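Text of target-v9.txt (compact mmCIF, C-alpha atoms) as supplied:
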# COMPACT_ATOMS: atom_id res chain seq x y z
CA MET A 229 -86.36 -63.45 -78.39
CA LEU A 230 -83.85 -61.09 -76.75
CA ILE A 231 -86.55 -58.63 -75.71
CA LYS A 232 -88.85 -61.36 -74.37
CA ASN A 233 -86.07 -63.00 -72.35
CA TRP A 234 -84.88 -59.60 -71.14
CA ILE A 235 -88.34 -58.63 -69.89
CA ASP A 236 -88.79 -62.06 -68.30
CA THR A 237 -85.78 -61.38 -66.03
CA TYR A 238 -87.89 -58.68 -64.34
CA LYS A 239 -90.83 -61.06 -63.74
CA PRO A 240 -93.46 -58.31 -64.19
CA THR A 241 -96.88 -59.12 -62.77
CA ASN A 242 -98.77 -55.97 -63.80
CA ALA A 243 -98.61 -53.01 -66.17
CA ASP A 244 -96.60 -50.87 -63.73
CA ASP A 245 -93.96 -53.57 -63.35
CA LEU A 246 -93.73 -53.92 -67.11
CA HIS A 247 -93.52 -50.17 -67.59
CA GLN A 248 -90.52 -50.00 -65.25
CA ALA A 249 -88.88 -52.97 -66.94
CA LEU A 250 -89.30 -51.38 -70.36
CA ARG A 251 -87.86 -48.09 -69.10
CA GLU A 252 -84.75 -49.82 -67.79
CA ILE A 253 -84.38 -51.85 -70.98
CA MET A 254 -84.66 -48.66 -73.03
CA GLN A 255 -81.98 -47.04 -70.88
CA GLU A 256 -79.54 -49.87 -71.53
CA ILE A 257 -80.29 -49.99 -75.27
CA ALA A 258 -79.58 -46.24 -75.39
CA LEU A 259 -76.23 -46.79 -73.63
CA ALA A 260 -75.33 -49.44 -76.20
CA GLY A 261 -76.23 -47.10 -79.05
CA LEU A 262 -74.08 -44.35 -77.57
CA TYR A 263 -71.23 -46.82 -77.22
CA ARG A 264 -71.41 -47.71 -80.93
CA SER A 265 -71.26 -44.02 -81.81
CA GLY A 266 -67.97 -43.46 -79.95
CA PHE A 267 -69.70 -41.22 -77.42
CA PHE A 268 -67.81 -42.69 -74.45
CA GLU A 269 -64.49 -41.64 -75.91
CA LYS A 270 -65.55 -38.13 -74.94
CA ALA A 271 -67.90 -38.66 -72.02
CA ALA A 272 -68.57 -40.68 -68.89
CA PHE A 273 -71.81 -41.99 -67.36
CA TYR A 274 -72.80 -40.92 -63.85
CA GLY A 275 -75.89 -40.37 -61.68
CA GLY A 276 -78.60 -42.62 -60.30
CA THR A 277 -79.09 -44.73 -63.41
CA ALA A 278 -75.34 -45.41 -63.56
CA LEU A 279 -75.53 -46.59 -59.96
CA ARG A 280 -78.45 -48.89 -60.72
CA VAL A 281 -77.06 -50.39 -63.92
CA PHE A 282 -73.44 -50.86 -62.89
CA TYR A 283 -73.17 -50.65 -59.11
CA GLY A 284 -76.30 -52.41 -57.84
CA LEU A 285 -78.30 -49.48 -56.42
CA ASN A 286 -81.70 -50.88 -55.44
CA ARG A 287 -83.95 -48.08 -56.63
CA PHE A 288 -85.46 -46.97 -59.91
CA SER A 289 -84.03 -44.07 -61.86
CA GLU A 290 -85.38 -42.03 -64.76
CA ASP A 291 -82.66 -40.15 -66.63
CA LEU A 292 -79.29 -40.80 -68.24
CA ASP A 293 -76.67 -38.34 -66.99
CA PHE A 294 -73.26 -37.84 -68.58
CA SER A 295 -70.22 -35.65 -68.14
CA LEU A 296 -67.72 -34.73 -70.80
CA LEU A 297 -64.15 -35.74 -70.00
CA GLN A 298 -62.98 -32.27 -70.96
CA VAL A 299 -64.79 -28.93 -71.09
CA ASN A 300 -66.34 -28.30 -74.53
CA LYS A 301 -68.93 -25.53 -74.61
CA ASN A 302 -69.81 -26.39 -78.22
CA PHE A 303 -70.54 -30.08 -77.67
CA LYS A 304 -73.84 -31.37 -79.07
CA ILE A 305 -75.51 -34.72 -78.43
CA GLN A 306 -77.39 -34.58 -81.75
CA PRO A 307 -74.77 -36.39 -83.92
CA TYR A 308 -74.83 -39.40 -81.58
CA LEU A 309 -78.61 -39.90 -81.56
CA LYS A 310 -78.77 -41.62 -84.95
CA SER A 311 -76.70 -44.49 -83.56
CA VAL A 312 -79.11 -44.75 -80.62
CA ILE A 313 -82.14 -44.87 -82.91
CA ASN A 314 -80.44 -47.53 -85.05
CA GLU A 315 -79.82 -49.67 -81.96
CA PHE A 316 -83.52 -49.65 -81.11
CA GLU A 317 -84.53 -50.34 -84.71
CA ALA A 318 -82.23 -53.37 -84.82
CA LEU A 319 -84.39 -54.81 -82.04
CA GLY A 320 -87.65 -53.94 -83.77
CA ILE A 321 -88.40 -50.94 -81.55
CA GLN A 322 -89.23 -47.45 -82.80
CA VAL A 323 -88.23 -44.41 -80.75
CA GLU A 324 -88.21 -40.70 -81.36
CA ALA A 325 -85.20 -38.60 -80.39
CA LYS A 326 -85.42 -34.86 -79.91
CA THR A 327 -82.86 -32.38 -78.68
CA LYS A 328 -83.66 -29.57 -76.29
CA ILE A 329 -82.86 -26.01 -77.29
CA LYS A 330 -79.96 -24.90 -75.10
CA THR A 331 -79.95 -21.45 -73.53
CA ASN A 332 -76.80 -19.37 -73.52
CA GLN A 333 -76.51 -19.77 -69.76
CA SER A 334 -76.92 -23.53 -69.63
CA THR A 335 -73.93 -25.84 -69.43
CA ILE A 336 -76.18 -28.86 -70.08
CA ASP A 337 -76.95 -30.28 -73.52
CA SER A 338 -80.15 -32.33 -73.44
CA ALA A 339 -82.14 -34.74 -75.54
CA PHE A 340 -85.22 -36.92 -75.05
CA LEU A 341 -85.98 -40.45 -76.19
CA LYS A 342 -89.63 -41.40 -76.46
CA ASP A 343 -91.06 -44.76 -77.41
CA THR A 344 -93.71 -44.67 -80.11
CA GLY A 345 -95.90 -47.27 -78.43
CA ASN A 346 -94.95 -50.24 -80.54
CA TRP A 347 -94.45 -52.57 -77.57
CA HIS A 348 -97.99 -53.68 -78.48
CA GLN A 349 -96.67 -54.61 -81.92
CA LEU A 350 -94.16 -56.92 -80.29
CA VAL A 351 -97.10 -58.93 -78.96
CA LEU A 352 -98.63 -59.13 -82.44
CA LYS A 353 -95.29 -60.28 -83.87
CA GLY A 354 -95.20 -63.09 -81.33
CA ILE A 355 -92.14 -61.80 -79.49
CA LEU A 356 -94.27 -61.49 -76.36
CA PRO A 357 -97.19 -63.77 -75.48
CA GLN A 358 -100.74 -62.51 -76.04
CA ASN A 359 -101.50 -62.44 -72.31
CA TYR A 360 -98.46 -60.33 -71.41
CA PRO A 361 -99.28 -57.26 -69.27
CA ILE A 362 -98.84 -54.30 -71.60
CA ALA A 363 -97.66 -50.91 -70.38
CA VAL A 364 -99.89 -48.27 -71.90
CA LYS A 365 -98.05 -45.22 -70.57
CA PRO A 366 -95.49 -43.72 -72.96
CA ILE A 367 -91.90 -43.93 -71.82
CA LYS A 368 -89.73 -40.84 -72.05
CA ILE A 369 -86.05 -40.81 -71.11
CA LYS A 370 -84.01 -37.65 -70.76
CA LEU A 371 -80.32 -37.57 -71.66
CA GLU A 372 -78.27 -34.76 -70.09
CA ILE A 373 -74.62 -34.02 -70.83
CA ASP A 374 -72.61 -31.61 -68.70
CA THR A 375 -70.49 -29.77 -71.26
CA GLN A 376 -68.54 -27.73 -68.70
CA PRO A 377 -68.01 -30.28 -65.93
CA PRO A 378 -65.98 -29.92 -62.77
CA LEU A 379 -62.91 -32.03 -63.52
CA GLY A 380 -60.60 -34.08 -61.33
CA PHE A 381 -62.75 -37.23 -61.44
CA VAL A 382 -61.68 -40.80 -62.19
CA THR A 383 -63.49 -43.08 -64.63
CA GLU A 384 -63.60 -46.83 -65.09
CA ASN A 385 -64.99 -49.16 -67.75
CA LYS A 386 -68.03 -51.16 -66.63
CA LEU A 387 -69.37 -54.15 -68.56
CA LEU A 388 -72.83 -53.86 -70.12
CA LEU A 389 -74.16 -57.27 -71.20
CA LYS A 390 -77.35 -56.39 -73.08
CA PRO A 391 -78.26 -55.84 -75.85
CA PHE A 392 -74.64 -56.84 -76.54
CA SER A 393 -71.45 -56.91 -74.49
CA CYS A 394 -69.58 -53.62 -74.37
CA TYR A 395 -67.75 -51.43 -71.89
CA ILE A 396 -69.29 -48.16 -70.73
CA ASN A 397 -67.07 -45.42 -69.34
CA CYS A 398 -68.39 -44.50 -65.88
CA PHE A 399 -67.43 -42.31 -62.95
CA ALA A 400 -65.65 -44.27 -60.23
CA GLU A 401 -67.67 -44.70 -57.02
CA PRO A 402 -65.82 -42.12 -54.86
CA ASP A 403 -66.45 -39.45 -57.51
CA LEU A 404 -70.09 -40.51 -57.85
CA PHE A 405 -70.40 -40.11 -54.08
CA ALA A 406 -68.82 -36.65 -54.27
CA GLY A 407 -71.34 -35.62 -56.92
CA LYS A 408 -74.24 -36.99 -54.91
CA MET A 409 -73.13 -35.20 -51.75
CA HIS A 410 -72.84 -31.96 -53.70
CA ALA A 411 -76.39 -32.43 -55.05
CA LEU A 412 -77.78 -33.29 -51.62
CA LEU A 413 -76.21 -30.26 -49.95
CA PHE A 414 -76.70 -27.65 -52.65
CA ARG A 415 -79.50 -28.76 -55.02
CA GLN A 416 -81.87 -25.85 -55.66
CA TRP A 417 -85.40 -27.27 -55.56
CA LYS A 418 -87.11 -24.37 -53.78
CA ASN A 419 -89.48 -25.97 -51.25
CA ARG A 420 -89.14 -29.47 -52.70
CA VAL A 421 -86.79 -32.16 -51.46
CA LYS A 422 -85.35 -35.11 -53.34
CA GLY A 423 -85.63 -38.27 -51.28
CA ARG A 424 -83.49 -40.13 -53.79
CA ASP A 425 -80.50 -38.07 -52.68
CA TRP A 426 -80.94 -39.33 -49.13
CA PHE A 427 -81.57 -42.91 -50.24
CA ASP A 428 -78.33 -42.81 -52.23
CA LEU A 429 -76.44 -41.24 -49.31
CA GLU A 430 -77.51 -44.14 -47.10
CA TRP A 431 -76.52 -46.61 -49.84
CA TYR A 432 -73.02 -45.17 -50.24
CA ILE A 433 -72.35 -45.15 -46.50
CA LYS A 434 -73.62 -48.70 -45.97
CA ARG A 435 -71.55 -49.82 -48.95
CA GLY A 436 -68.43 -48.28 -47.45
CA THR A 437 -67.73 -46.12 -50.51
CA PRO A 438 -65.28 -43.30 -49.68
CA LEU A 439 -66.12 -39.76 -50.79
CA HIS A 440 -63.52 -38.14 -53.06
CA LEU A 441 -62.87 -34.93 -51.13
CA ASN A 442 -60.95 -33.09 -53.87
CA HIS A 443 -63.64 -33.70 -56.48
CA PHE A 444 -66.32 -32.49 -54.09
CA GLU A 445 -64.28 -29.34 -53.50
CA THR A 446 -63.94 -28.75 -57.24
CA ARG A 447 -67.70 -29.09 -57.67
CA ALA A 448 -68.50 -26.83 -54.71
CA LYS A 449 -66.15 -24.09 -55.92
CA GLN A 450 -67.44 -24.25 -59.48
CA SER A 451 -71.06 -23.96 -58.30
CA GLY A 452 -70.18 -21.02 -56.05
CA HIS A 453 -70.99 -22.83 -52.81
CA TRP A 454 -67.43 -22.74 -51.46
CA PRO A 455 -64.81 -19.95 -51.52
CA LYS A 456 -62.26 -20.46 -54.31
CA ASN A 457 -59.37 -19.52 -52.01
CA LYS A 458 -60.32 -21.93 -49.23
CA THR A 459 -59.61 -25.66 -48.93
CA ILE A 460 -62.54 -27.81 -47.86
CA LYS A 461 -61.99 -30.32 -45.08
CA GLN A 462 -63.83 -33.42 -43.96
CA LYS A 463 -65.26 -31.55 -40.98
CA ASP A 464 -66.64 -28.86 -43.28
CA ILE A 465 -68.65 -31.42 -45.25
CA LEU A 466 -69.91 -33.09 -42.09
CA ASP A 467 -70.95 -29.73 -40.63
CA LEU A 468 -72.82 -28.87 -43.84
CA LEU A 469 -74.49 -32.29 -43.84
CA ASN A 470 -75.59 -32.10 -40.21
CA THR A 471 -77.05 -28.65 -40.82
CA LYS A 472 -78.92 -30.05 -43.81
CA ILE A 473 -80.21 -33.00 -41.78
CA LYS A 474 -81.65 -30.67 -39.14
CA SER A 475 -83.47 -28.55 -41.74
CA THR A 476 -84.86 -31.43 -43.82
CA SER A 477 -88.34 -32.90 -43.43
CA ILE A 478 -87.94 -36.66 -43.05
CA LYS A 479 -91.60 -37.06 -43.93
CA GLN A 480 -91.11 -35.25 -47.24
CA ILE A 481 -88.01 -37.14 -48.32
CA THR A 482 -89.64 -40.45 -47.41
CA GLU A 483 -92.72 -39.65 -49.48
CA ASP A 484 -90.59 -38.46 -52.40
CA VAL A 485 -88.50 -41.64 -52.64
CA GLN A 486 -91.29 -44.20 -52.28
CA PRO A 487 -92.23 -44.34 -56.00
CA PHE A 488 -88.62 -45.26 -56.77
CA VAL A 489 -88.15 -48.20 -54.41
CA ALA A 490 -89.81 -51.59 -54.56
CA ASN A 491 -89.46 -52.17 -50.81
CA THR A 492 -90.68 -49.10 -48.95
CA ASP A 493 -89.90 -50.77 -45.62
CA LEU A 494 -86.29 -49.73 -46.23
CA THR A 495 -87.16 -46.19 -45.21
CA THR A 496 -89.01 -46.95 -41.97
CA ILE A 497 -85.86 -46.35 -39.93
CA TRP A 498 -85.30 -42.90 -41.41
CA SER A 499 -85.13 -40.06 -38.89
CA SER A 500 -82.90 -37.06 -38.24
CA HIS A 501 -81.14 -39.06 -35.55
CA TYR A 502 -80.56 -41.94 -37.96
CA PHE A 503 -78.99 -39.74 -40.64
CA SER A 504 -76.85 -38.00 -38.02
CA ASP A 505 -75.50 -41.38 -36.94
CA LEU A 506 -74.96 -42.40 -40.56
CA ALA A 507 -72.98 -39.21 -41.21
CA LYS A 508 -70.42 -40.26 -38.60
CA LYS A 509 -69.62 -43.33 -40.68
CA ILE A 510 -68.72 -41.48 -43.91
CA LYS A 511 -65.29 -42.35 -45.26
CA PHE A 512 -63.14 -39.96 -47.28
CA LYS A 513 -60.28 -40.25 -49.73

Will you turn the file into structure tokens for me?
Amino acid sequence: MLIKNWIDTYKPTNADDLHQALREIMQEIALAGLYRSGFFEKAAFYGGTALRVFYGLNRFSEDLDFSLLQVNKNFKIQPYLKSVINEFEALGIQVEAKTKIKTNQSTIDSAFLKDTGNWHQLVLKGILPQNYPIAVKPIKIKLEIDTQPPLGFVTENKLLLKPFSCYINCFAEPDLFAGKMHALLFRQWKNRVKGRDWFDLEWYIKRGTPLHLNHFETRAKQSGHWPKNKTIKQKDILDLLNTKIKSTSIKQITEDVQPFVANTDLTTIWSSHYFSDLAKKIKFK
């Protein structure tokens, strides 16, 4: 009954709602499986899904992003995946786990979890009622682990309640904000923009989360976006952000984020002027 009660908390009314609920449930089951494997003794959870699960971010997120606590170029996620698969199987769910072949240049070790479509079987087993809206689209979740992370971040244990109670090692909010600001300013997406970066920026500022300046500097120097012999100041970040605001299409970022938010009215106020005013309210530590 755990799965049924878990899905019921989302109150899905159609297949799309159920699909999103199942994705988020799969994400949390995967976190629990990683916890059992001892993964969080070596790594910490960060990114948009970490914000949604543990900090109340009101948007959907797709991937599970992790950072090692110490640089380890030889780290592999593969040994931890069996524990993840076992966690799903204990709940009567079959998933496939595949690792991605890592190039010599990549600092990211990746894997994918894919459901095998047996949510329908849960209906037949009576876990879900016969008239439940069934998601027919396969669900695929990417796990990415930064094996050569910029260090100087702080972590904290956050309580995960389902499928069982455990503590997940996560980046602290100021370091999450530093990582998000780095992504927003320097993400290389060619002509594309990521509206989720701007949604998260707004969320951090409205929440009053301070940005960890030193961790941002470490990230910017490691990525080659800031001189290694120069200290970054608050004004430098604000200047970079205001330049980014002026060059960003508000229409494009609004369109990009809409599939990830339930209430699209939240973005109606977005404009270059609005983000410029928001930038003045950023706090630093």

Segment 232-271 of chain A residues near segment 373-394 of chain A within 12 Å, closest pair each, using all atoms listed in the file, as JSON lines:
{"residue": "A:Asn233", "atom": "CA", "partner": "A:Lys390", "partner_atom": "CA", "distance": 11.0}
{"residue": "A:Trp234", "atom": "CA", "partner": "A:Lys390", "partner_atom": "CA", "distance": 8.4}
{"residue": "A:Ile235", "atom": "CA", "partner": "A:Lys390", "partner_atom": "CA", "distance": 11.7}
{"residue": "A:Glu252", "atom": "CA", "partner": "A:Lys390", "partner_atom": "CA", "distance": 11.2}
{"residue": "A:Ile253", "atom": "CA", "partner": "A:Lys390", "partner_atom": "CA", "distance": 8.6}
{"residue": "A:Met254", "atom": "CA", "partner": "A:Pro391", "partner_atom": "CA", "distance": 10.0}
{"residue": "A:Gln255", "atom": "CA", "partner": "A:Lys390", "partner_atom": "CA", "distance": 10.7}
{"residue": "A:Glu256", "atom": "CA", "partner": "A:Lys390", "partner_atom": "CA", "distance": 7.1}
{"residue": "A:Ile257", "atom": "CA", "partner": "A:Pro391", "partner_atom": "CA", "distance": 6.2}
{"residue": "A:Ala258", "atom": "CA", "partner": "A:Pro391", "partner_atom": "CA", "distance": 9.7}
{"residue": "A:Leu259", "atom": "CA", "partner": "A:Leu388", "partner_atom": "CA", "distance": 8.6}
{"residue": "A:Ala260", "atom": "CA", "partner": "A:Pro391", "partner_atom": "CA", "distance": 7.0}
{"residue": "A:Gly261", "atom": "CA", "partner": "A:Pro391", "partner_atom": "CA", "distance": 9.5}
{"residue": "A:Leu262", "atom": "CA", "partner": "A:Cys394", "partner_atom": "CA", "distance": 10.8}
{"residue": "A:Tyr263", "atom": "CA", "partner": "A:Cys394", "partner_atom": "CA", "distance": 7.6}
{"residue": "A:Arg264", "atom": "CA", "partner": "A:Cys394", "partner_atom": "CA", "distance": 9.0}
{"residue": "A:Gly266", "atom": "CA", "partner": "A:Cys394", "partner_atom": "CA", "distance": 11.7}
{"residue": "A:Phe267", "atom": "CA", "partner": "A:Ile373", "partner_atom": "CA", "distance": 10.9}
{"residue": "A:Phe268", "atom": "CA", "partner": "A:Asn385", "partner_atom": "CA", "distance": 9.7}
{"residue": "A:Glu269", "atom": "CA", "partner": "A:Asn385", "partner_atom": "CA", "distance": 11.1}
{"residue": "A:Lys270", "atom": "CA", "partner": "A:Thr375", "partner_atom": "CA", "distance": 10.4}
{"residue": "A:Ala271", "atom": "CA", "partner": "A:Ile373", "partner_atom": "CA", "distance": 8.3}

| task | Name the residues in contact with Val485 of chain A at a cut-off of 8 Å, using only C-alpha atoms, excluding same-chain residues fewer than 5 positions from it; report them as a list in words. | result |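 Here the answer would be Lys422, Gly423, Arg424 and Phe427 of chain A.
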
| request: Check the smallest atom-to-atom distance from each of A:Trp454, A:Trp426, A:Tyr283, A:Phe488 to Ser504 of chain A using all atoms listed in the file, then report the winner. | output: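 Smallest distance to Ser504 of chain A is found for A:Trp426.
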
| task | Find the spatial neighbours of Arg420 of chain A, counting all atoms listed in the file, within a cut-off of 12 Å - ignore same-chain residues fewer than 2 positions away - and output them as a PyMOL selection string. | result | chain A and resi 415-418+422-423+476-477+479-481+483-484

Deliver the residues from the most recent selection as a file, using C-alpha atoms, as a PDB file, in the coordinates of the input.
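The result, stored in again_31.pdb:
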ATOM      1  CA  ARG A 415     -79.500 -28.760 -55.020  1.00  0.00           C
ATOM      2  CA  GLN A 416     -81.870 -25.850 -55.660  1.00  0.00           C
ATOM      3  CA  TRP A 417     -85.400 -27.270 -55.560  1.00  0.00           C
ATOM      4  CA  LYS A 418     -87.110 -24.370 -53.780  1.00  0.00           C
ATOM      5  CA  LYS A 422     -85.350 -35.110 -53.340  1.00  0.00           C
ATOM      6  CA  GLY A 423     -85.630 -38.270 -51.280  1.00  0.00           C
ATOM      7  CA  THR A 476     -84.860 -31.430 -43.820  1.00  0.00           C
ATOM      8  CA  SER A 477     -88.340 -32.900 -43.430  1.00  0.00           C
ATOM      9  CA  LYS A 479     -91.600 -37.060 -43.930  1.00  0.00           C
ATOM     10  CA  GLN A 480     -91.110 -35.250 -47.240  1.00  0.00           C
ATOM     11  CA  ILE A 481     -88.010 -37.140 -48.320  1.00  0.00           C
ATOM     12  CA  GLU A 483     -92.720 -39.650 -49.480  1.00  0.00           C
ATOM     13  CA  ASP A 484     -90.590 -38.460 -52.400  1.00  0.00           C
TER      14      ASP A 484
END

| task | Work out how far atom CA of Asp428 of chain A is from atom CA of Phe340 of chain A, in Å to one decimal. | result |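 Computing the Euclidean distance for atom CA of Phe340 of chain A and atom CA of Asp428 of chain A yields 24.6 Å.
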
| What lies within 10 Å of Tyr432 of chain A using all atoms listed in the file, ignoring chain neighbours under 5 positions off, as a list in words? |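 Within the cut-off, the hits are Leu285, Glu401, Pro402, Leu404, Phe405, Lys408, Trp426, Phe427, Thr437, Pro438, Leu439, Ile510 and Lys511 of chain A.
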
| Out of A:Ala406, A:Leu494, A:Leu466, A:Leu413, which residue has the shortest atom-to-atom distance to Asn442 of chain A when counting only C-alpha atoms? |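 With only C-alpha atoms as the atom set, the closest residue is A:Ala406.
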
| said: Which residue is closest to Phe282 of chain A? Choose from A:Asn242, A:Lys328, A:Phe399, A:Leu250 and count only C-alpha atoms. | reply: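 Closest residue, counting only C-alpha atoms: A:Phe399.
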
| task | Rank nothing, just name the residue among A:His453, A:Gly320, A:Ile336, A:Phe273 nearest to Val299 of chain A, using all atoms listed in the file. | result |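 Of the candidates, the smallest distance to Val299 of chain A is held by A:Ile336.
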
| task | Identify the residues within 12 Å of coordinate (-81.5, -39.8, -38.2) (same frame as the file), considering all atoms listed in the file, and give the answer as a list of chain:residue names. | result |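 Applying the cut-off with all atoms listed in the file, one gets A:Trp426, A:Glu430, A:Leu469, A:Asn470, A:Lys472, A:Ile473, A:Lys474, A:Ser475, A:Thr476, A:Ser477, A:Ile478, A:Lys479, A:Thr495, A:Thr496, A:Ile497, A:Trp498, A:Ser499, A:Ser500, A:His501, A:Tyr502, A:Phe503, A:Ser504, A:Asp505, A:Leu506, A:Ala507, A:Lys508.
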
Keeping only C-alpha atoms, write the selected residues as a short mmCIF file (atom, residue, chain, number, x, y, z; two decimals), in the frame of the given file.
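Here's the written file again27.cif:
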data_model
loop_
_atom_site.label_atom_id
_atom_site.label_comp_id
_atom_site.auth_asym_id
_atom_site.auth_seq_id
_atom_site.Cartn_x
_atom_site.Cartn_y
_atom_site.Cartn_z
CA TRP A 426 -80.94 -39.33 -49.13
CA GLU A 430 -77.51 -44.14 -47.10
CA LEU A 469 -74.49 -32.29 -43.84
CA ASN A 470 -75.59 -32.10 -40.21
CA LYS A 472 -78.92 -30.05 -43.81
CA ILE A 473 -80.21 -33.00 -41.78
CA LYS A 474 -81.65 -30.67 -39.14
CA SER A 475 -83.47 -28.55 -41.74
CA THR A 476 -84.86 -31.43 -43.82
CA SER A 477 -88.34 -32.90 -43.43
CA ILE A 478 -87.94 -36.66 -43.05
CA LYS A 479 -91.60 -37.06 -43.93
CA THR A 495 -87.16 -46.19 -45.21
CA THR A 496 -89.01 -46.95 -41.97
CA ILE A 497 -85.86 -46.35 -39.93
CA TRP A 498 -85.30 -42.90 -41.41
CA SER A 499 -85.13 -40.06 -38.89
CA SER A 500 -82.90 -37.06 -38.24
CA HIS A 501 -81.14 -39.06 -35.55
CA TYR A 502 -80.56 -41.94 -37.96
CA PHE A 503 -78.99 -39.74 -40.64
CA SER A 504 -76.85 -38.00 -38.02
CA ASP A 505 -75.50 -41.38 -36.94
CA LEU A 506 -74.96 -42.40 -40.56
CA ALA A 507 -72.98 -39.21 -41.21
CA LYS A 508 -70.42 -40.26 -38.60
#

| Any idea what the distance is between atom CA of Phe316 of chain A and atom CA of Asp343 of chain A? |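 That distance, rounded to one decimal, is 9.7 Å.
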
Contact residues around Gln306 of chain A with all atoms listed in the file at 10 Å, ignoring same-chain residues under 4 positions, as an mmCIF file with C-alpha atoms, keeping the file's coordinate frame:
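Saved result, part35.cif, follows:
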data_model
loop_
_atom_site.group_PDB
_atom_site.id
_atom_site.type_symbol
_atom_site.label_atom_id
_atom_site.label_comp_id
_atom_site.auth_asym_id
_atom_site.auth_seq_id
_atom_site.Cartn_x
_atom_site.Cartn_y
_atom_site.Cartn_z
ATOM 1 C CA LYS A 310 -78.770 -41.620 -84.950
ATOM 2 C CA ALA A 325 -85.200 -38.600 -80.390
ATOM 3 C CA LYS A 326 -85.420 -34.860 -79.910
ATOM 4 C CA THR A 327 -82.860 -32.380 -78.680
ATOM 5 C CA LYS A 328 -83.660 -29.570 -76.290
ATOM 6 C CA ASP A 337 -76.950 -30.280 -73.520
ATOM 7 C CA SER A 338 -80.150 -32.330 -73.440
ATOM 8 C CA ALA A 339 -82.140 -34.740 -75.540
#

| What separation in Å, quoted to one decimal, exists between atom CA of Ile313 of chain A and atom CA of Ser295 of chain A? |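 The value is 21.1 Å.
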